[in-house]
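Read through the structure below, which is laid out as structure tokens, and then see the notes.
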Amino acid sequence: LAMASGTALIYDEEMTTHKLLWSDPVCDIEVPERLSSSYEQLKRYHLVERCVCVPVREGSEEEILLVHSSEHLEVAKSTQTMNEEQLKRVSGNYDAFFFHPNTYRCARLAVGATLQLVDAVMSGKVCNGMALVRPPGHHSQRNAANGFCLFNNVAIAAEYAKVKYGLKRILIVDWDVHHGQGTQYIFEEDPSVLYFSWHRYEHQEFWPSLTESDYDAVGLGKGKGFNINLPWNKVGMGNSDYLAVFFHVLLPAAFEFDPELVIVSSGYDSGIGDPEGQMNATPEVFAHLTHFLMQLANGKLCVVLEGGYHLKSLSESVCMTVKTLLGDPVPQITGEMAPCLSAVESIQNVRAAHKPYWKWLMYEDTSFIQNLSTKSHLLKKADPNPSTEHESKIMPPIKTATTSDSKGSAHLLHVPVHLVKELDKTEIKAFVSGFYADLVKEDKTLLSLGSMLAILDKILKKEVCNGIAESPTAAVSVAVALRHSVRFGFQRVLCVFVGDMQIIPNTDDGKILVIHICEKEQSGKTSSKHYIPLNWKEDAEGNDFFSAVLGFILPVAYSYRPDLTVIAIGPNRSLGISGIFLLFTLLQGLAESRILAVIEDKEINLMQSVAQALVGASTPNFGTYVPPSQEKANKIKILRDQFQQQWKMLQCSVKDGI
Ligand code: X5A
Ligand code: ZN
């Protein structure tokens with residue numbers, strides 16, 4: 001069975017006909033232009049033509065009744081023939097909603113568009129996709145419209161996927177800045193739907209101001225543990241706060257849950273410039289969030305528009321999301337990477353609240369939890385004119401270069417052998433003579449260095465995004481690669497070594513950060529603060545590496561913000577195939593997805609997996625989640641305590657004086 005590929009885009013202009021007919025300062029931000037300007041921007045970036053355009057349809061009454069009461073459906077239906085005065089009166093029965101004579105029709109299209117997306121993804125027609133819809137859905141409840149929402153598009157989609165495709169586990173990620181309390185109510189007792197929401201809360205000051213939006217609302221009955229709320233108690237949250245929540249809350253839960261389908265309640269009012277959210281996250285962060293979620297459920301990801309009221313910020317963020325769904329390189333995140341104190345407090349609270357329900361939190365130390373104070377924290381003011389200007393580049397489908405034989409995917413670009421030979425031995429000798437001359441006596445080594453440099457040059461010149469080099473001695477190839485990259489002008493190179501490797505010392509000027517994953521303690525190298533040994537042997541089933549990647553490697557890598565990543569696989573690697581795959585796919589979020597892989601020839605059977613990871617094939621099934629042993633959980637904790645002052649994205653609790 002061929003792996004699904006392609007990205008669906010679902011949009012219909014008719015959903016711009018729903019509009020506010022009278023003056024209402026609460027509702028007047030939910031305008032038709034939200035949809036049209038997003039679609040226009042997608043066209044400008046040539047993204048529409050790269051997607052599979054799937055038509056909308058009306059959601060059926062039966063489908064709407066999967067979630068809503070017939071009373072609610074009848075009220076909505078009855079508004080089609082009302083005059084303005086009557087519409088205004090019915091609208092007044094709800095908190096923040098407006099009816100237009102075409103609202104019912106649009107809401108049915110919004111439901112239908114979402115279900116078309118689920119069908120396209122579940123049937124394998126596409127791998128993932130986005131539906132641009134109005135009215136939005138996540139505030140809508142069984143028996144009520146609320147917060148600009150009439151029918152709960154995403155909730156209906158989840159019920160539909162359960163019924164039609166027999167799904168047992170669906171993850172809903174609600175990154176809208178408001179709490180999707182409607183969705184929470186619908187799935188509160190349902191363990192088959194994991195609902196995650198972050199939202200502006202400000203200790204219940206912010207709309208909808210509910211106690212049940214706080215971190216201690218974990219679900220009810222059988223659904224306990226399957227509702228995760230991350231309240232933002234300050235405005236001004238930014239990229240690092242969002243990413244910290246993904247690393248330390250959402251992603252570990254999601255990998256343990258192991259969903260069969262992921263649906264995003266994709267509101268962009270959590271983006272910079274939005275008048276509702278007052279947050280600081282830039283459009284690029286949505287590329288990262290999307291990239292992470294693409295690693296779940298075999299890549300089956302349905303993104304459905306909710307809020308977003310700053311037209312420029314909204315449309316840029318929509319483009320970032322769709323570009324990432326299409327598999328383009330992930331743009332770099334700018335700015336200092338450190339979550340603010342208030343965000344860390346929220347993360348700590350939700351981890352403590354969920355400890356009873358999740359294996360990944362099993363060894364969480366919550367003995368220190370007291371009544372957390374809410375110390376004031378210096379916050380940057382939201383910039384009303386976000387810097388969202390990005391050059392539109394249509395990236396070629398070829399992203400990966402390799403000199404090895406065709407063992408991977410058809411997407412690989414093969415560097416012709418003559419190109420390698422062109423780099424003649426004396427040239428290479430001359431190049432390495434200054435620093436590693438004694439290491440390169442063998443012809444075999446020289447030839448491999450030549451081919452590695454040919455690939456690295458293609459990466460440095462941005463002709464390809466990533467590449468794989470085979471080497472008789474990975475340590476030597478990497479040493480040369482690092483030296484060359486720094487000379488080329490890279491300021492920060494992240495180097496992840498897997499296996500027993502003699503690490504050739506580098507000028508320790510902070511331009512290289514080494515994370516060394518190996519089984520045994522390495523001696524005498526711990527002096528440098530840019531060398532981090534991670535002694536880790538993956539368990540027999542080969543899937544307890546999540547906690548190390550999410551809890552340590554990614555936070556360090558995101559704190560460092562490399563402009564190139566080098567991953568070297570040497571002898572006696574202590575990670576299995578799934579651990580290595582995870583490393584490659586997740587580190588593609590860094591350095592604009594630039595990765596040089598160096599594989600020692602003894603490990604060349606890994607070539608195909610690495611190539612698949614680098615061309616963006618969806619993550620294979622990792623099997624049943626295995627929590628780390630207490631010893632390993634402890635190891636992560638100790639490393640975190642040791643490095644969190646230097647690499648601040650590691651911070652996930654406020655004890656020990658952050
Ligand atoms: C979908 C959405 C916001 C409602 C705000 C009402 N709704 N004050 O973003
Ligand atoms: Zn919202």
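Note on naming: chains are A, B, ... as they come in the structure tokens, residues start from 1 per chain, ligands start from 1 in the order shown.
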Within 8 Å of ligand 2, which residues of chain A show up? Give each one with its shortest atom-to-atom distance in Å (one decimal) and the two atoms involved, counting only C-alpha atoms and all ligand atoms, rows by chain then rising residue number, as CSV.
residue,atom,partner,partner_atom_place_in_ligand_line,distance
A:Asp176,CA,ligand 2,1 (Zn),4.9
A:Val177,CA,ligand 2,1 (Zn),5.0
A:His178,CA,ligand 2,1 (Zn),4.4
A:His179,CA,ligand 2,1 (Zn),7.4
A:Gly267,CA,ligand 2,1 (Zn),5.6
A:Tyr268,CA,ligand 2,1 (Zn),7.4
A:Asp269,CA,ligand 2,1 (Zn),5.5
A:Ser270,CA,ligand 2,1 (Zn),7.6
A:Glu276,CA,ligand 2,1 (Zn),7.5
A:Gly277,CA,ligand 2,1 (Zn),7.7
A:Glu306,CA,ligand 2,1 (Zn),6.4
A:Gly307,CA,ligand 2,1 (Zn),4.2
A:Gly308,CA,ligand 2,1 (Zn),6.4
Give me the residues within 12 Å of A:Ser23 as JSON, numbers by chain, counting only C-alpha atoms and dropping any in the same chain fewer than 3 places off.
{"A": [19, 20, 26, 27, 28, 29, 84, 88, 98]}
I'd like the neighbourhood of A:Val264 as a VMD selection string, where a residue qualifies if any of its atoms comes within 6 Å (using only C-alpha atoms), though same-chain residues fewer than 2 positions away should be ignored.
chain A and resid 172 to 174 266 303 to 304
Please, could you write that set of residues out with C-alpha atoms as a PDB file, in the first residue's frame?
ATOM      1  CA  ILE A 172      -7.724  17.515  18.949  1.00  0.00           C
ATOM      2  CA  VAL A 173      -5.157  20.291  19.311  1.00  0.00           C
ATOM      3  CA  ASP A 174      -6.788  23.678  19.911  1.00  0.00           C
ATOM      4  CA  SER A 266      -6.565  26.189  14.209  1.00  0.00           C
ATOM      5  CA  VAL A 303      -6.214  21.622  10.155  1.00  0.00           C
ATOM      6  CA  VAL A 304      -9.486  23.528  10.504  1.00  0.00           C
TER       7      VAL A 304
END
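The residue that comes closest to ligand 1, out of A:Gly467, A:Pro135, A:Gly335, A:Pro259 and on the basis of only C-alpha atoms and all ligand atoms, is A:Pro135.
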What's the 7 Å shell around A:Leu150, counting only C-alpha atoms, without same-chain residues fewer than 4 positions away, as an MDAnalysis selection string?
chainID A and resid 107 135 137 140 145:146
With N, CA and C atoms retained, export the selected residues as a PDB file, in the first residue's frame.
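Everything below was put into selection-v3.pdb:
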ATOM      1  N   ALA A 107     -22.760  27.723   7.854  1.00  0.00           N
ATOM      2  CA  ALA A 107     -22.368  26.816   8.934  1.00  0.00           C
ATOM      3  C   ALA A 107     -22.440  25.369   8.472  1.00  0.00           C
ATOM      4  N   PRO A 135     -18.780  30.046   9.625  1.00  0.00           N
ATOM      5  CA  PRO A 135     -18.324  30.416  10.961  1.00  0.00           C
ATOM      6  C   PRO A 135     -17.450  29.325  11.596  1.00  0.00           C
ATOM      7  N   GLY A 137     -15.967  27.008  14.984  1.00  0.00           N
ATOM      8  CA  GLY A 137     -16.774  26.013  15.688  1.00  0.00           C
ATOM      9  C   GLY A 137     -16.508  25.742  17.160  1.00  0.00           C
ATOM     10  N   SER A 140     -18.943  26.375  20.132  1.00  0.00           N
ATOM     11  CA  SER A 140     -20.309  25.909  19.976  1.00  0.00           C
ATOM     12  C   SER A 140     -20.554  24.647  20.805  1.00  0.00           C
ATOM     13  N   ALA A 145     -25.197  28.249  20.331  1.00  0.00           N
ATOM     14  CA  ALA A 145     -24.153  28.991  19.622  1.00  0.00           C
ATOM     15  C   ALA A 145     -23.399  29.801  20.664  1.00  0.00           C
ATOM     16  N   ASN A 146     -22.139  30.122  20.369  1.00  0.00           N
ATOM     17  CA  ASN A 146     -21.333  30.842  21.348  1.00  0.00           C
ATOM     18  C   ASN A 146     -20.060  31.338  20.661  1.00  0.00           C
TER      19      ASN A 146
END
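Separating atom CA of A:Glu260 from atom CA of A:Arg169 is a distance of 5.6 Å.
Residue-level DSSP output for stretch 526-627 of chain A, from the backbone, shows strand (DSSP E) at Tyr531, Ile532, Pro533, Leu534, Asn535, Leu564, Thr565, Val566, Ile567, Ala568, Ile569, Ile595, Leu596, Ala597, Val598, Ile599 and Glu600 of chain A.
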Report as an mmCIF file with N, CA and C atoms, in the first residue's frame all protein, DNA and RNA residues lying within 9 Å of A:Leu456, evaluated on only C-alpha atoms, omitting residues in the same chain fewer than 2 positions from it.
data_model
loop_
_atom_site.group_PDB
_atom_site.id
_atom_site.type_symbol
_atom_site.label_atom_id
_atom_site.label_comp_id
_atom_site.auth_asym_id
_atom_site.auth_seq_id
_atom_site.Cartn_x
_atom_site.Cartn_y
_atom_site.Cartn_z
ATOM 1 N N SER A 451 33.307 13.285 -1.187
ATOM 2 C CA SER A 451 31.867 13.211 -1.450
ATOM 3 C C SER A 451 31.075 13.921 -0.363
ATOM 4 N N MET A 452 31.550 13.835 0.876
ATOM 5 C CA MET A 452 30.873 14.559 1.953
ATOM 6 C C MET A 452 30.911 16.067 1.680
ATOM 7 N N LEU A 453 32.073 16.563 1.272
ATOM 8 C CA LEU A 453 32.191 18.002 1.012
ATOM 9 C C LEU A 453 31.323 18.441 -0.168
ATOM 10 N N ALA A 454 31.180 17.556 -1.153
ATOM 11 C CA ALA A 454 30.315 17.882 -2.294
ATOM 12 C C ALA A 454 28.871 18.065 -1.822
ATOM 13 N N LYS A 458 26.482 21.671 -1.348
ATOM 14 C CA LYS A 458 25.131 21.838 -1.875
ATOM 15 C C LYS A 458 24.179 22.343 -0.793
ATOM 16 N N ILE A 459 24.411 21.896 0.432
ATOM 17 C CA ILE A 459 23.573 22.372 1.537
ATOM 18 C C ILE A 459 23.901 23.834 1.840
ATOM 19 N N LEU A 460 25.192 24.130 1.915
ATOM 20 C CA LEU A 460 25.607 25.496 2.249
ATOM 21 C C LEU A 460 25.148 26.492 1.181
ATOM 22 N N LYS A 461 25.166 26.058 -0.072
ATOM 23 C CA LYS A 461 24.723 26.941 -1.160
ATOM 24 C C LYS A 461 23.210 26.891 -1.352
ATOM 25 N N ASN A 466 19.041 19.039 2.602
ATOM 26 C CA ASN A 466 19.783 18.120 3.466
ATOM 27 C C ASN A 466 20.487 17.064 2.627
ATOM 28 N N GLY A 467 21.325 16.292 3.252
ATOM 29 C CA GLY A 467 22.057 15.286 2.500
ATOM 30 C C GLY A 467 22.650 14.215 3.399
ATOM 31 N N ALA A 469 25.894 11.521 3.820
ATOM 32 C CA ALA A 469 27.213 11.085 3.377
ATOM 33 C C ALA A 469 27.594 9.818 4.115
ATOM 34 N N ALA A 481 33.607 18.434 8.252
ATOM 35 C CA ALA A 481 32.360 19.137 7.926
ATOM 36 C C ALA A 481 32.147 20.345 8.842
ATOM 37 N N HIS A 484 34.596 23.106 7.980
ATOM 38 C CA HIS A 484 34.218 23.748 6.722
ATOM 39 C C HIS A 484 33.002 24.671 6.908
ATOM 40 N N SER A 485 32.021 24.215 7.668
ATOM 41 C CA SER A 485 30.797 24.995 7.873
ATOM 42 C C SER A 485 31.080 26.288 8.616
ATOM 43 N N LEU A 596 22.980 17.730 7.678
ATOM 44 C CA LEU A 596 23.948 16.833 7.049
ATOM 45 C C LEU A 596 23.998 15.572 7.898
#
All residues 12 Å or closer to A:Asn239, only C-alpha atoms, same chain fewer than 5 positions away omitted, as a PDB file with C-alpha atoms, in the first residue's frame:
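Writing done, so here's result-v5.pdb:
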ATOM      1  CA  ALA A 244       7.894  24.896  25.655  1.00  0.00           C
ATOM      2  CA  VAL A 245       4.291  23.749  26.054  1.00  0.00           C
ATOM      3  CA  PHE A 246       4.672  21.453  23.059  1.00  0.00           C
ATOM      4  CA  SER A 270      -2.863  33.286  19.296  1.00  0.00           C
ATOM      5  CA  GLY A 271      -0.556  35.006  16.806  1.00  0.00           C
ATOM      6  CA  ILE A 272       1.169  38.376  17.062  1.00  0.00           C
ATOM      7  CA  MET A 279       0.100  37.455  22.228  1.00  0.00           C
ATOM      8  CA  ASN A 280       3.533  37.684  20.572  1.00  0.00           C
ATOM      9  CA  ALA A 281       3.991  34.451  18.628  1.00  0.00           C
ATOM     10  CA  THR A 282       5.144  35.048  15.063  1.00  0.00           C
ATOM     11  CA  PRO A 283       3.752  33.256  11.990  1.00  0.00           C
ATOM     12  CA  GLU A 284       6.793  30.950  11.811  1.00  0.00           C
ATOM     13  CA  VAL A 285       5.847  29.308  15.079  1.00  0.00           C
ATOM     14  CA  PHE A 286       2.802  27.780  13.389  1.00  0.00           C
ATOM     15  CA  ALA A 287       5.138  26.057  10.921  1.00  0.00           C
ATOM     16  CA  HIS A 288       6.884  24.439  13.873  1.00  0.00           C
ATOM     17  CA  LEU A 289       3.674  23.443  15.627  1.00  0.00           C
ATOM     18  CA  GLN A 332      13.854  29.544  11.573  1.00  0.00           C
ATOM     19  CA  ILE A 333      12.411  30.993  14.761  1.00  0.00           C
ATOM     20  CA  THR A 334      13.870  34.322  15.740  1.00  0.00           C
ATOM     21  CA  GLY A 335      14.301  35.912  19.146  1.00  0.00           C
ATOM     22  CA  GLU A 336      15.599  34.676  22.462  1.00  0.00           C
ATOM     23  CA  MET A 337      14.418  31.190  23.298  1.00  0.00           C
ATOM     24  CA  ALA A 338      13.280  31.153  26.898  1.00  0.00           C
ATOM     25  CA  PRO A 339       9.785  30.624  28.252  1.00  0.00           C
ATOM     26  CA  CYS A 340       8.580  33.290  30.674  1.00  0.00           C
ATOM     27  CA  ALA A 343       4.332  30.069  31.190  1.00  0.00           C
ATOM     28  CA  TYR A 558      15.756  25.113  20.151  1.00  0.00           C
ATOM     29  CA  SER A 559      17.563  27.151  22.803  1.00  0.00           C
ATOM     30  CA  MET A 649      13.836  25.861  26.830  1.00  0.00           C
TER      31      MET A 649
END
Write out as a PyMOL selection string the residues lying within 10 Å of stretch 570-581 of chain A, counting only C-alpha atoms and excluding same-chain residues fewer than 4 positions away.
chain A and resi 471-475+497-502+517-520+535-546+548-549+585-587+598-604+606+609-614+619-623
Dump N, CA and C atoms for the selected residues as a short mmCIF file (atom, residue, chain, number, x, y, z; two decimals), in the first residue's frame?
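Final output, saved to part06.cif:
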data_model
loop_
_atom_site.label_atom_id
_atom_site.label_comp_id
_atom_site.auth_asym_id
_atom_site.auth_seq_id
_atom_site.Cartn_x
_atom_site.Cartn_y
_atom_site.Cartn_z
N SER A 471 30.63 7.27 5.30
CA SER A 471 32.04 7.49 5.62
C SER A 471 32.64 6.29 6.33
N PRO A 472 33.91 5.96 6.05
CA PRO A 472 34.54 4.88 6.79
C PRO A 472 34.81 5.28 8.25
N THR A 473 34.97 6.56 8.48
CA THR A 473 35.17 7.05 9.84
C THR A 473 34.36 8.33 10.03
N ALA A 474 33.17 8.17 10.60
CA ALA A 474 32.24 9.30 10.73
C ALA A 474 32.87 10.46 11.50
N ALA A 475 33.65 10.13 12.52
CA ALA A 475 34.22 11.19 13.35
C ALA A 475 35.10 12.14 12.52
N PHE A 497 26.01 13.39 17.86
CA PHE A 497 26.74 12.16 17.62
C PHE A 497 25.98 11.00 18.22
N VAL A 498 25.82 9.94 17.47
CA VAL A 498 25.21 8.73 18.02
C VAL A 498 26.22 7.59 17.87
N GLY A 499 26.64 7.05 18.99
CA GLY A 499 27.58 5.93 18.94
C GLY A 499 28.91 6.27 19.59
N ASP A 500 29.77 5.25 19.61
CA ASP A 500 31.09 5.47 20.20
C ASP A 500 31.97 6.16 19.17
N MET A 501 32.26 7.39 19.42
CA MET A 501 33.10 8.11 18.47
C MET A 501 34.15 8.90 19.19
N GLN A 502 35.29 8.85 18.59
CA GLN A 502 36.39 9.67 19.07
C GLN A 502 36.07 11.09 18.59
N ILE A 517 25.30 11.10 22.11
CA ILE A 517 24.46 10.02 22.64
C ILE A 517 25.22 8.71 22.52
N CYS A 518 25.57 8.13 23.66
CA CYS A 518 26.32 6.88 23.63
C CYS A 518 26.00 6.08 24.87
N GLU A 519 26.34 4.81 24.83
CA GLU A 519 25.96 3.93 25.92
C GLU A 519 26.81 4.17 27.16
N LYS A 520 28.11 4.24 26.95
CA LYS A 520 29.01 4.34 28.10
C LYS A 520 29.42 5.78 28.36
N ASN A 535 24.22 9.79 28.11
CA ASN A 535 24.41 8.34 28.14
C ASN A 535 23.04 7.67 28.11
N TRP A 536 22.76 7.06 27.03
CA TRP A 536 21.42 6.52 26.81
C TRP A 536 21.49 5.26 25.96
N LYS A 537 20.91 4.21 26.48
CA LYS A 537 20.77 2.98 25.69
C LYS A 537 19.29 2.72 25.55
N GLU A 538 18.82 2.75 24.32
CA GLU A 538 17.39 2.56 24.10
C GLU A 538 16.99 1.16 24.53
N ASP A 539 15.79 1.01 25.07
CA ASP A 539 15.36 -0.30 25.57
C ASP A 539 15.16 -1.28 24.41
N ALA A 540 14.92 -2.54 24.77
CA ALA A 540 14.84 -3.60 23.77
C ALA A 540 13.78 -3.33 22.71
N GLU A 541 12.59 -2.88 23.13
CA GLU A 541 11.53 -2.59 22.16
C GLU A 541 11.91 -1.37 21.31
N GLY A 542 12.88 -0.64 21.79
CA GLY A 542 13.41 0.47 21.01
C GLY A 542 12.48 1.66 20.91
N ASN A 543 11.77 1.99 21.96
CA ASN A 543 10.99 3.23 21.88
C ASN A 543 10.80 3.95 23.21
N ASP A 544 11.85 4.02 23.98
CA ASP A 544 11.75 4.85 25.18
C ASP A 544 12.59 6.12 25.02
N PHE A 545 12.88 6.46 23.77
CA PHE A 545 13.76 7.59 23.51
C PHE A 545 12.99 8.92 23.43
N PHE A 546 11.64 8.83 23.36
CA PHE A 546 10.82 10.03 23.29
C PHE A 546 11.18 11.02 24.40
N ALA A 548 13.80 11.48 26.09
CA ALA A 548 15.09 12.16 25.93
C ALA A 548 15.03 13.21 24.83
N VAL A 549 14.34 12.87 23.74
CA VAL A 549 14.26 13.82 22.62
C VAL A 549 13.41 15.02 22.99
N THR A 585 13.61 13.38 12.19
CA THR A 585 12.40 14.12 11.82
C THR A 585 12.23 15.35 12.71
N LEU A 586 12.46 15.19 13.99
CA LEU A 586 12.20 16.33 14.88
C LEU A 586 13.28 17.41 14.76
N LEU A 587 14.51 17.02 14.50
CA LEU A 587 15.55 18.04 14.35
C LEU A 587 15.41 18.81 13.03
N VAL A 598 25.82 12.01 8.52
CA VAL A 598 27.03 11.25 8.21
C VAL A 598 26.85 9.86 8.82
N ILE A 599 26.90 8.86 7.98
CA ILE A 599 26.68 7.50 8.46
C ILE A 599 27.95 6.67 8.23
N GLU A 600 28.44 6.11 9.31
CA GLU A 600 29.63 5.26 9.17
C GLU A 600 29.26 4.00 8.38
N ASP A 601 30.16 3.56 7.50
CA ASP A 601 29.73 2.52 6.54
C ASP A 601 29.23 1.23 7.19
N LYS A 602 29.72 0.92 8.39
CA LYS A 602 29.21 -0.27 9.09
C LYS A 602 27.71 -0.17 9.39
N GLU A 603 27.21 1.06 9.45
CA GLU A 603 25.80 1.28 9.80
C GLU A 603 24.96 1.64 8.58
N ILE A 604 25.47 1.28 7.41
CA ILE A 604 24.86 1.79 6.19
C ILE A 604 23.45 1.25 5.94
N LEU A 606 21.17 1.71 7.73
CA LEU A 606 20.26 2.74 8.21
C LEU A 606 19.92 3.77 7.13
N SER A 609 16.18 4.36 6.13
CA SER A 609 15.36 5.03 7.16
C SER A 609 15.72 6.50 7.27
N VAL A 610 17.01 6.79 7.26
CA VAL A 610 17.44 8.18 7.37
C VAL A 610 16.95 8.98 6.16
N ALA A 611 17.08 8.37 4.98
CA ALA A 611 16.62 9.06 3.77
C ALA A 611 15.12 9.32 3.84
N GLN A 612 14.37 8.35 4.31
CA GLN A 612 12.92 8.53 4.43
C GLN A 612 12.59 9.65 5.39
N ALA A 613 13.30 9.69 6.50
CA ALA A 613 13.06 10.75 7.47
C ALA A 613 13.38 12.11 6.85
N LEU A 614 14.47 12.17 6.08
CA LEU A 614 14.89 13.45 5.53
C LEU A 614 14.01 13.95 4.39
N THR A 619 6.33 9.50 10.03
CA THR A 619 6.95 8.65 11.03
C THR A 619 6.29 7.28 11.05
N PRO A 620 7.07 6.23 11.05
CA PRO A 620 6.47 4.89 11.14
C PRO A 620 5.84 4.68 12.51
N ASN A 621 5.04 3.66 12.61
CA ASN A 621 4.42 3.41 13.90
C ASN A 621 5.49 3.04 14.93
N PHE A 622 5.49 3.74 16.03
CA PHE A 622 6.50 3.50 17.05
C PHE A 622 6.10 2.38 17.99
N GLY A 623 4.91 1.85 17.80
CA GLY A 623 4.45 0.79 18.69
C GLY A 623 3.95 1.35 20.00
#
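The closest residue to A:Val566, picked from A:Glu188, A:Arg594, A:Asp241, A:Val54 and counting only C-alpha atoms, is A:Arg594.
Between ligand 1 and the candidates A:Arg34, A:His139, A:Arg50, A:His72, the tightest atom-to-atom separation, counting only C-alpha atoms and all ligand atoms, involves A:His139.
Of note, atom CA of A:His354 and atom CA of A:Phe226 are spaced 9.2 Å apart.
Take the candidates A:Leu449, A:Leu35, A:Val496, A:Leu305 and check each one against ligand 1 using only C-alpha atoms and all ligand atoms; the shortest distance goes to A:Leu305.
The smallest atom-to-atom distance between ligand 1 and any of A:Phe99, A:Phe257, A:Tyr160, A:Tyr309, using only C-alpha atoms and all ligand atoms, is found for A:Tyr309.
Put simply, atom CA of A:Arg108 is 20.8 Å away from atom CA of A:Gln181.
Considering the residues A:Asn143, A:Gln642, A:Leu117, A:Leu251 and counting only C-alpha atoms, A:Phe196 has its shortest atom-to-atom contact with A:Leu251.
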Per-residue DSSP, stretch 117-297 of chain A, filtered to alpha helix (DSSP H), as a VMD selection string:
chain A and resid 117 to 122 153 to 165 181 to 187 239 to 245 251 to 257 283 to 293
